[in-house]
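Contents: one structure, followed by commentary.
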Amino acid sequence: MSSADIYREIILDYYRNPRNYGKIPEPDIAQRDSNPLCGDELEMHINIKDDKVSDVKFTGKGCAISQASASLLTELIMGKDFEYVKKLTKEDILDNLGLHDLGPARIKCALLSLKVLKSGLYSYLVDKIKDTASADKIKEEASGLY
């Protein structure tokens with residue numbers, strides 16, 4: 001089995017058996033976005049406690065890549081400190097999915113969850129922490145994802 005086949009199996013597993021699927025009542029961060037090119041939709045809920053992600057859930061619909069990416073991202077950030085979450089990049093997502101040769105349309109599918117996460121972090125930093133310097137950097141990252 002090639003490494004491409006292994007990554008394809010990982011994506012299908014995350015798609016068929018999503019981790020952390022659902023909603024959090026009264027989350028600290030709630031963000032929603034969609035990819036109008038293919039119709040993918042994603043909503044992410046996150047709770048922060050002691051500067052760490054104490055809970056994260058997502059809901060949505062769309063292609064295997066967008067939903068697998070969201071599922072994988074929730075596992076990446078669960079229990080992690082806020083600084084780690086703020087520093088996640090598109091390369092982190094693509095590396096973990098094993099997808100580096102995606103075309104422009106499919107890369108948007110893979111990065112939708114990161115865009116939702118970064119947009120939610122932006123709102124959280126502005127509204128709750130009043131950290132506009134970090135928030136502006138994260139907003140720039142989110143808008144530059146695609």
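Identifiers in this document derive from the order of the structure tokens: chains are assigned A, B, ..., residues are numbered from 1 separately in each chain, and ligands are numbered from 1 in order of occurrence.
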
**Request:** Write out as a PyMOL selection string each polymer residue whose atoms come within 12 Å of range 98-106 of chain A, counting only C-alpha atoms; drop sequence neighbours fewer than 4 positions from it.
**Result:** chain A and resi 2-11+35-40+62-66+68-69+72+90-94+110-112+145-146

**Request:** Might you pull out every residue within 10 Å of range 121-138 of chain A, with only C-alpha atoms counted and same-chain residues fewer than 3 positions away left off, and present them as a PyMOL selection string?
**Result:** chain A and resi 28-31+46+48+82+85-87+115-118+141-144

**Asked** Counting only C-alpha atoms, what is within 10 Å of Gln67 in chain A, bar same-chain residues fewer than 5 positions away, as number ranges by chain?
**Response** A: 11-12, 14-16, 18-19, 21, 40-42, 58-62, 72-73, 109-110, 112-113

**Request:** If you run DSSP over the backbone, which residues in range 28-131 of chain A end up strand (DSSP E or B)? Put them as a list of chain:residue names.
**Result:**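 Reading the DSSP output for range 28-131 of chain A, strand (DSSP E or B) covers A:Ile29, A:Ala30, A:Gln31, A:Arg32, A:Asp33, A:Ser34, A:Asn35, A:Asp40, A:Glu41, A:Leu42, A:Glu43, A:Met44, A:His45, A:Ile46, A:Asn47, A:Ile48, A:Lys49, A:Lys52, A:Val53, A:Ser54, A:Asp55, A:Val56, A:Lys57, A:Phe58, A:Thr59, A:Gly60, A:Lys61, A:Asp81.
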
Dump as an mmCIF file, in the first residue's frame, selection limited to C-alpha atoms:
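Wrote it out as part09.cif, contents follow:
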```
data_model
loop_
_atom_site.group_PDB
_atom_site.id
_atom_site.type_symbol
_atom_site.label_atom_id
_atom_site.label_comp_id
_atom_site.auth_asym_id
_atom_site.auth_seq_id
_atom_site.Cartn_x
_atom_site.Cartn_y
_atom_site.Cartn_z
ATOM 1 C CA ILE A 29 -16.278 30.452 20.238
ATOM 2 C CA ALA A 30 -18.948 29.729 17.628
ATOM 3 C CA GLN A 31 -18.087 30.315 13.995
ATOM 4 C CA ARG A 32 -19.633 29.289 10.700
ATOM 5 C CA ASP A 33 -18.515 29.565 7.085
ATOM 6 C CA SER A 34 -19.023 27.908 3.745
ATOM 7 C CA ASN A 35 -17.237 27.304 0.492
ATOM 8 C CA ASP A 40 -19.268 22.762 1.818
ATOM 9 C CA GLU A 41 -20.579 24.175 5.108
ATOM 10 C CA LEU A 42 -18.936 24.082 8.497
ATOM 11 C CA GLU A 43 -19.691 25.334 11.991
ATOM 12 C CA MET A 44 -17.220 25.020 14.853
ATOM 13 C CA HIS A 45 -17.837 25.403 18.595
ATOM 14 C CA ILE A 46 -14.966 25.750 21.051
ATOM 15 C CA ASN A 47 -14.677 26.192 24.797
ATOM 16 C CA ILE A 48 -11.542 27.682 26.324
ATOM 17 C CA LYS A 49 -10.538 27.035 29.941
ATOM 18 C CA LYS A 52 -6.542 25.697 26.640
ATOM 19 C CA VAL A 53 -9.154 24.187 24.345
ATOM 20 C CA SER A 54 -11.312 22.293 26.810
ATOM 21 C CA ASP A 55 -13.882 21.162 24.249
ATOM 22 C CA VAL A 56 -14.372 21.429 20.503
ATOM 23 C CA LYS A 57 -17.138 20.224 18.206
ATOM 24 C CA PHE A 58 -18.066 20.752 14.584
ATOM 25 C CA THR A 59 -21.079 20.254 12.374
ATOM 26 C CA GLY A 60 -21.384 20.594 8.670
ATOM 27 C CA LYS A 61 -21.915 18.989 5.343
ATOM 28 C CA ASP A 81 -2.999 25.741 24.700
#
```

**Request:** Please identify which residues in chain A DSSP calls alpha helix (DSSP H) from the backbone, and express them as an MDAnalysis selection string.
**Result:** chainID A and resid 3:16 64:77 82:87 90:97 104:124 132:143

**Message:** Could you check the closest approach to Leu76 in chain A for each of A:Gly120, A:Leu114, A:Ile24, A:Asp50 and tell me which residue wins, using only C-alpha atoms?
**Reply:**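 When distances to Leu76 in chain A are compared using only C-alpha atoms, the smallest one comes from A:Leu114.
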